[in-house]
Amino acid sequence: MHKKTVDTLVVNGDIFTGDRDQPHYRPGAIAIKDSVIVGVGPESEILSSCESTRKIDARGALVHPGFIETHLHMTAMAYHGAPFSPQSTAATKVNYSTLKSATNPTITAAYTAAAACSMLQRGFTLFFEAGTVFETDAFAESMTKCGVRAMVSAPFAWDDLSTYEELWPHMMPDALKKRAPADARRVIDQWNHEISRNKDENALVRGYVGLYGEATATDDLTREAVKLASESNVIFWQHQSFNPEFDIEEKKKWGDTGAVRMDRLGALNPNTTLAHMNVLDENDIELILLKKPGLSWCPNNALGYQITPPHRCWFPYLYKKGISVSLGVDTTVIHPIGIAGLLSLYLSASFGERLNDADPFYMQTIDAANNVGLGDRLGSLTVGKRADVVIREVRDITHLSWRDDTGILLSLSSSMIPVDTVMIDGRIVMEKGRLTTMDQDAILAEAVRQRDLLAASLSN
């Protein structure tokens, strides 16, 4: 039998595909050619049909599609463990909002590269920047140099700040309002700039249409966003129904709950992903089940802000009913990357609608890909999709899977299992836990240097 020649073969893997129809192969193999998966299955079958001069021996370790983080504010990566909190109302010179609004291209490039390393070391190959990076070109250039995927949109896309100024004035310093004025024209122009990145089908950094949300956009701007997203074949995204305060204010301001208003404006559909969605009533649930938007759930924030409990956690119920639910960490100032999967299991169990053990694995792979608008090319190790592949290490008994029909171990322990190798578009960007595309030590040193310089400049 004539074998086809491929660029790379990953062999001897405990492969969890992210495809529920063909979930697992052990020992399994993956064949990659021209950045695309051309074969995946039992090792004996792949080796009988494919050959390559480059073989990567996974040595029995877990192999899975790259995780996708669907809600992350990139600049917060540099402030993990900082002596302030996003919840703090202290009007100090150095706080979360002032730091976000004081960046420049050099700072953003440094933070971005450091964030890319952190993501890869936890098995994430794409992260969705949730509309708070000002220097988007520096962000895109730095991510591309590292070889990591990202989604980016207009920073602080809003045209009505009255709700935030009333409820959370500490999040609205003058410096932020000056850099991101409540101006629809600014926002629309920036959206078009970000979406132009998508002309290159192979671009690692892609644009989407995002509003900051939480009652900071007028009906007119929201309709513009929905229209542009549809015309450009990208998702529409925003923060929504985060906590009871905003839910009450939104009802006063617009006369509707967030979900009802989104539906009225044409925004509640499968091309929409709404982040948070912690405060929902029965009518909202019926509407979501009918219109099927994607939902990006941040379980750590729901717990951290004491929203769930007491409010009911609807996500397991919605997920079991067929709604695409993905996971996000939101701000890493007080929450580490990789925690959302485990917390989703704990939080769901507290309310009698416990997720299945493997659900968080799928929420961070195929469901996440769908919720960023890239389900046709990412999210599973499937023939025809891009070759974003993560190979974990095998160090102890807890890093070896037992059951072969789910991704339970990846749900429970993925943040604790070291990453050995990461491929994005078939290119090795991390090997033996180290970035291959840039100097990882230099990246970390520069990010820390820029962080300290920025804090010092604001303190003076």
# chains A, B, ... in the order shown; residues from 1 in each chain; ligands from 1
$ residues_around --residues "range 208-224 of chain A" --least-positions-apart "4" --cutoff "9 Å" --atoms "only C-alpha atoms" --output "number ranges by chain"
A: 130-132, 151-164, 182, 184, 187-188, 191-192, 194-195, 228-229, 232-242, 246-247, 249-250, 253-254, 258, 261-262, 265-267, 372-373
$ residues_around --residues "Gly384 in chain A" --least-positions-apart "6" --cutoff "10 Å" --atoms "only C-alpha atoms" --output "PyMOL selection string"
chain A and resi 32+35-39+376-378
$ write_last_selection --atoms "all heavy atoms" --output "PDB file, in the first residue's frame"
ATOM      1  N   ILE A  32      -0.137  15.343  10.227  1.00  0.00           N
ATOM      2  CA  ILE A  32      -0.294  16.770   9.939  1.00  0.00           C
ATOM      3  C   ILE A  32       0.436  17.110   8.657  1.00  0.00           C
ATOM      4  O   ILE A  32       1.597  16.706   8.454  1.00  0.00           O
ATOM      5  CB  ILE A  32       0.271  17.615  11.097  1.00  0.00           C
ATOM      6  CG1 ILE A  32      -0.457  17.293  12.401  1.00  0.00           C
ATOM      7  CG2 ILE A  32       0.199  19.109  10.782  1.00  0.00           C
ATOM      8  CD1 ILE A  32       0.259  17.787  13.648  1.00  0.00           C
ATOM      9  N   SER A  35      -0.138  22.494   7.870  1.00  0.00           N
ATOM     10  CA  SER A  35      -0.829  23.143   8.989  1.00  0.00           C
ATOM     11  C   SER A  35      -2.169  22.515   9.340  1.00  0.00           C
ATOM     12  O   SER A  35      -2.857  22.989  10.244  1.00  0.00           O
ATOM     13  CB  SER A  35      -1.068  24.641   8.710  1.00  0.00           C
ATOM     14  OG  SER A  35       0.136  25.295   8.400  1.00  0.00           O
ATOM     15  N   VAL A  36      -2.549  21.453   8.657  1.00  0.00           N
ATOM     16  CA  VAL A  36      -3.878  20.868   8.808  1.00  0.00           C
ATOM     17  C   VAL A  36      -3.757  19.410   9.234  1.00  0.00           C
ATOM     18  O   VAL A  36      -2.827  18.697   8.841  1.00  0.00           O
ATOM     19  CB  VAL A  36      -4.674  20.994   7.498  1.00  0.00           C
ATOM     20  CG1 VAL A  36      -6.011  20.263   7.577  1.00  0.00           C
ATOM     21  CG2 VAL A  36      -4.897  22.465   7.149  1.00  0.00           C
ATOM     22  N   ILE A  37      -4.710  18.945  10.027  1.00  0.00           N
ATOM     23  CA  ILE A  37      -4.771  17.532  10.405  1.00  0.00           C
ATOM     24  C   ILE A  37      -5.308  16.734   9.218  1.00  0.00           C
ATOM     25  O   ILE A  37      -6.402  17.006   8.727  1.00  0.00           O
ATOM     26  CB  ILE A  37      -5.673  17.342  11.630  1.00  0.00           C
ATOM     27  CG1 ILE A  37      -5.071  18.055  12.846  1.00  0.00           C
ATOM     28  CG2 ILE A  37      -5.878  15.852  11.933  1.00  0.00           C
ATOM     29  CD1 ILE A  37      -5.993  18.133  14.039  1.00  0.00           C
ATOM     30  N   VAL A  38      -4.553  15.764   8.775  1.00  0.00           N
ATOM     31  CA  VAL A  38      -4.982  14.930   7.645  1.00  0.00           C
ATOM     32  C   VAL A  38      -5.278  13.498   8.070  1.00  0.00           C
ATOM     33  O   VAL A  38      -5.756  12.695   7.270  1.00  0.00           O
ATOM     34  CB  VAL A  38      -3.935  14.939   6.507  1.00  0.00           C
ATOM     35  CG1 VAL A  38      -3.806  16.327   5.918  1.00  0.00           C
ATOM     36  CG2 VAL A  38      -2.579  14.425   6.994  1.00  0.00           C
ATOM     37  N   GLY A  39      -4.995  13.190   9.329  1.00  0.00           N
ATOM     38  CA  GLY A  39      -5.316  11.865   9.835  1.00  0.00           C
ATOM     39  C   GLY A  39      -5.253  11.836  11.350  1.00  0.00           C
ATOM     40  O   GLY A  39      -4.369  12.455  11.943  1.00  0.00           O
ATOM     41  N   ASP A 376     -15.417  25.809  12.827  1.00  0.00           N
ATOM     42  CA  ASP A 376     -15.153  25.051  11.603  1.00  0.00           C
ATOM     43  C   ASP A 376     -13.677  24.767  11.399  1.00  0.00           C
ATOM     44  O   ASP A 376     -13.317  23.944  10.558  1.00  0.00           O
ATOM     45  CB  ASP A 376     -15.709  25.800  10.389  1.00  0.00           C
ATOM     46  CG  ASP A 376     -15.074  27.174  10.211  1.00  0.00           C
ATOM     47  OD1 ASP A 376     -14.585  27.749  11.220  1.00  0.00           O
ATOM     48  OD2 ASP A 376     -15.067  27.687   9.077  1.00  0.00           O
ATOM     49  N   ARG A 377     -12.804  25.415  12.181  1.00  0.00           N
ATOM     50  CA  ARG A 377     -11.371  25.223  11.946  1.00  0.00           C
ATOM     51  C   ARG A 377     -10.571  24.853  13.189  1.00  0.00           C
ATOM     52  O   ARG A 377      -9.421  24.428  13.071  1.00  0.00           O
ATOM     53  CB  ARG A 377     -10.769  26.466  11.302  1.00  0.00           C
ATOM     54  CG  ARG A 377     -10.787  27.719  12.165  1.00  0.00           C
ATOM     55  CD  ARG A 377     -10.165  28.912  11.459  1.00  0.00           C
ATOM     56  NE  ARG A 377     -11.016  29.376  10.373  1.00  0.00           N
ATOM     57  CZ  ARG A 377     -10.653  30.305   9.482  1.00  0.00           C
ATOM     58  NH1 ARG A 377      -9.446  30.825   9.549  1.00  0.00           N
ATOM     59  NH2 ARG A 377     -11.475  30.691   8.535  1.00  0.00           N
ATOM     60  N   LEU A 378     -11.158  25.044  14.379  1.00  0.00           N
ATOM     61  CA  LEU A 378     -10.439  24.769  15.623  1.00  0.00           C
ATOM     62  C   LEU A 378     -11.327  23.985  16.583  1.00  0.00           C
ATOM     63  O   LEU A 378     -12.484  23.732  16.312  1.00  0.00           O
ATOM     64  CB  LEU A 378     -10.012  26.086  16.292  1.00  0.00           C
ATOM     65  CG  LEU A 378      -9.107  27.036  15.524  1.00  0.00           C
ATOM     66  CD1 LEU A 378      -8.904  28.320  16.322  1.00  0.00           C
ATOM     67  CD2 LEU A 378      -7.771  26.399  15.195  1.00  0.00           C
TER      68      LEU A 378
END
$ select_by_dssp --residues "range 29-180 of chain A" --states "strand (DSSP E)" --output "JSON, numbers by chain"
{"A": [29, 30, 31, 32, 33, 36, 37, 38, 39, 40, 41, 42, 50, 51, 55, 56, 57, 62, 63, 64, 65, 67, 68, 69, 70, 71, 72, 124, 125, 126, 127, 128, 129, 149, 150, 151, 152]}
$ closest_residue --among "A:Thr436, A:Glu43, A:Val394, A:Leu374" --to "Glu201 in chain A" --atoms "only C-alpha atoms"
A:Leu374
$ select_by_dssp --residues "range 149-221 of chain A" --states "alpha helix (DSSP H)" --output "PyMOL selection string"
chain A and resi 162-167+174-179+184-195+219-221
$ closest_residue --among "A:Asn356, A:Ser230, A:Thr331, A:Asn300" --to "Thr406 in chain A" --atoms "only C-alpha atoms"
A:Asn356
$ closest_residue --among "A:Thr273, A:Ser324, A:Ser118, A:Asp137" --to "Ser196 in chain A" --atoms "only C-alpha atoms"
A:Asp137
$ residues_around --residues "Leu47 in chain A" --least-positions-apart "2" --cutoff "12 Å" --atoms "only C-alpha atoms" --output "MDAnalysis selection string"
chainID A and resid 1:6 8:12 27:31 39:45 49:52 55
$ write_last_selection --atoms "N, CA, C and O atoms" --output "CSV table (one decimal), in the first residue's frame"
chain,number,residue,atom,x,y,z
A,1,MET,N,0.8,-1.2,0.0
A,1,MET,CA,0.0,0.0,0.0
A,1,MET,C,0.9,1.2,0.0
A,1,MET,O,1.8,1.4,0.8
A,2,HIS,N,0.6,2.2,-0.9
A,2,HIS,CA,1.3,3.4,-1.0
A,2,HIS,C,1.0,4.4,0.2
A,2,HIS,O,-0.2,4.6,0.4
A,3,LYS,N,2.0,4.8,0.9
A,3,LYS,CA,1.8,5.7,2.0
A,3,LYS,C,1.9,7.2,1.6
A,3,LYS,O,2.7,7.5,0.7
A,4,LYS,N,1.0,8.0,2.1
A,4,LYS,CA,1.2,9.4,1.8
A,4,LYS,C,2.2,10.1,2.8
A,4,LYS,O,2.3,9.7,4.0
A,5,THR,N,2.9,11.0,2.2
A,5,THR,CA,4.0,11.7,3.0
A,5,THR,C,3.3,12.9,3.7
A,5,THR,O,2.7,13.7,3.0
A,6,VAL,N,3.5,13.0,5.0
A,6,VAL,CA,3.0,14.2,5.7
A,6,VAL,C,4.2,14.9,6.4
A,6,VAL,O,5.3,14.4,6.4
A,8,THR,N,4.3,15.9,9.7
A,8,THR,CA,4.6,15.5,11.1
A,8,THR,C,3.7,14.4,11.5
A,8,THR,O,2.5,14.4,11.1
A,9,LEU,N,4.2,13.5,12.2
A,9,LEU,CA,3.4,12.4,12.9
A,9,LEU,C,3.5,12.5,14.4
A,9,LEU,O,4.7,12.5,14.9
A,10,VAL,N,2.5,12.7,15.1
A,10,VAL,CA,2.5,12.6,16.6
A,10,VAL,C,2.0,11.1,16.9
A,10,VAL,O,0.9,10.7,16.5
A,11,VAL,N,2.9,10.4,17.6
A,11,VAL,CA,2.6,9.0,17.8
A,11,VAL,C,2.6,8.7,19.3
A,11,VAL,O,3.1,9.5,20.1
A,12,ASN,N,2.1,7.5,19.7
A,12,ASN,CA,2.1,7.0,21.0
A,12,ASN,C,1.5,8.0,22.0
A,12,ASN,O,1.9,8.3,23.1
A,27,PRO,N,-3.2,3.4,22.0
A,27,PRO,CA,-2.3,4.5,21.5
A,27,PRO,C,-2.9,5.1,20.3
A,27,PRO,O,-3.4,4.4,19.4
A,28,GLY,N,-2.7,6.4,20.1
A,28,GLY,CA,-3.3,7.1,19.0
A,28,GLY,C,-2.2,7.9,18.3
A,28,GLY,O,-1.1,8.1,18.8
A,29,ALA,N,-2.5,8.3,17.1
A,29,ALA,CA,-1.5,9.1,16.3
A,29,ALA,C,-2.3,10.2,15.5
A,29,ALA,O,-3.5,10.1,15.2
A,30,ILE,N,-1.5,11.2,15.2
A,30,ILE,CA,-2.1,12.3,14.4
A,30,ILE,C,-1.1,12.6,13.2
A,30,ILE,O,0.1,12.7,13.4
A,31,ALA,N,-1.7,12.8,12.0
A,31,ALA,CA,-0.9,13.1,10.9
A,31,ALA,C,-1.2,14.5,10.5
A,31,ALA,O,-2.4,14.9,10.4
A,39,GLY,N,-5.0,13.2,9.3
A,39,GLY,CA,-5.3,11.9,9.8
A,39,GLY,C,-5.3,11.8,11.3
A,39,GLY,O,-4.4,12.5,11.9
A,40,VAL,N,-6.2,11.2,12.0
A,40,VAL,CA,-6.2,11.0,13.4
A,40,VAL,C,-6.9,9.6,13.7
A,40,VAL,O,-7.9,9.4,13.1
A,41,GLY,N,-6.3,8.8,14.6
A,41,GLY,CA,-6.9,7.6,14.9
A,41,GLY,C,-6.0,6.6,15.6
A,41,GLY,O,-5.0,7.1,16.1
A,42,PRO,N,-6.3,5.3,15.6
A,42,PRO,CA,-5.4,4.4,16.2
A,42,PRO,C,-4.0,4.5,15.6
A,42,PRO,O,-3.9,4.6,14.4
A,43,GLU,N,-3.0,4.3,16.4
A,43,GLU,CA,-1.6,4.5,15.9
A,43,GLU,C,-1.3,3.5,14.7
A,43,GLU,O,-0.7,3.9,13.7
A,44,SER,N,-1.8,2.3,14.8
A,44,SER,CA,-1.5,1.3,13.8
A,44,SER,C,-2.0,1.7,12.5
A,44,SER,O,-1.4,1.6,11.4
A,45,GLU,N,-3.3,2.3,12.5
A,45,GLU,CA,-3.9,2.7,11.2
A,45,GLU,C,-3.2,3.9,10.6
A,45,GLU,O,-3.0,4.0,9.4
A,49,SER,N,-0.8,4.1,6.9
A,49,SER,CA,-1.2,4.9,5.8
A,49,SER,C,-0.3,6.2,5.6
A,49,SER,O,-0.4,6.8,4.5
A,50,CYS,N,0.5,6.6,6.6
A,50,CYS,CA,1.2,7.8,6.5
A,50,CYS,C,2.7,7.6,6.9
A,50,CYS,O,3.0,6.8,7.7
A,51,GLU,N,3.6,8.4,6.3
A,51,GLU,CA,5.0,8.4,6.7
A,51,GLU,C,5.5,9.9,6.8
A,51,GLU,O,4.9,10.8,6.1
A,52,SER,N,6.5,10.1,7.6
A,52,SER,CA,7.1,11.4,7.8
A,52,SER,C,8.5,11.3,8.3
A,52,SER,O,8.8,10.3,9.0
A,55,LYS,N,8.8,12.7,13.5
A,55,LYS,CA,7.9,12.0,14.4
A,55,LYS,C,8.1,12.6,15.8
A,55,LYS,O,9.2,12.8,16.3
$ closest_residue --among "A:Met77, A:Ala61, A:Ile397, A:Ile68" --to "Ala447 in chain A" --atoms "only C-alpha atoms"
A:Met77
$ closest_residue --among "A:Ile334, A:Leu345, A:Leu126, A:Val94" --to "Gly81 in chain A" --atoms "only C-alpha atoms"
A:Ile334
$ atom_distance --atom1 "CA of Lys145 in chain A" --atom2 "CA of Leu204 in chain A"
9.8 Å
$ residues_around --residues "Pro244 in chain A" --least-positions-apart "3" --cutoff "12 Å" --atoms "only C-alpha atoms" --output "MDAnalysis selection string"
chainID A and resid 167 214 240:241 247:251 257:258 276:281 302 305:311
$ atom_distance --atom1 "CA of Ser411 in chain A" --atom2 "CA of Ala113 in chain A"
26.3 Å
$ atom_distance --atom1 "CA of Asn283 in chain A" --atom2 "CA of Asp256 in chain A"
10.9 Å
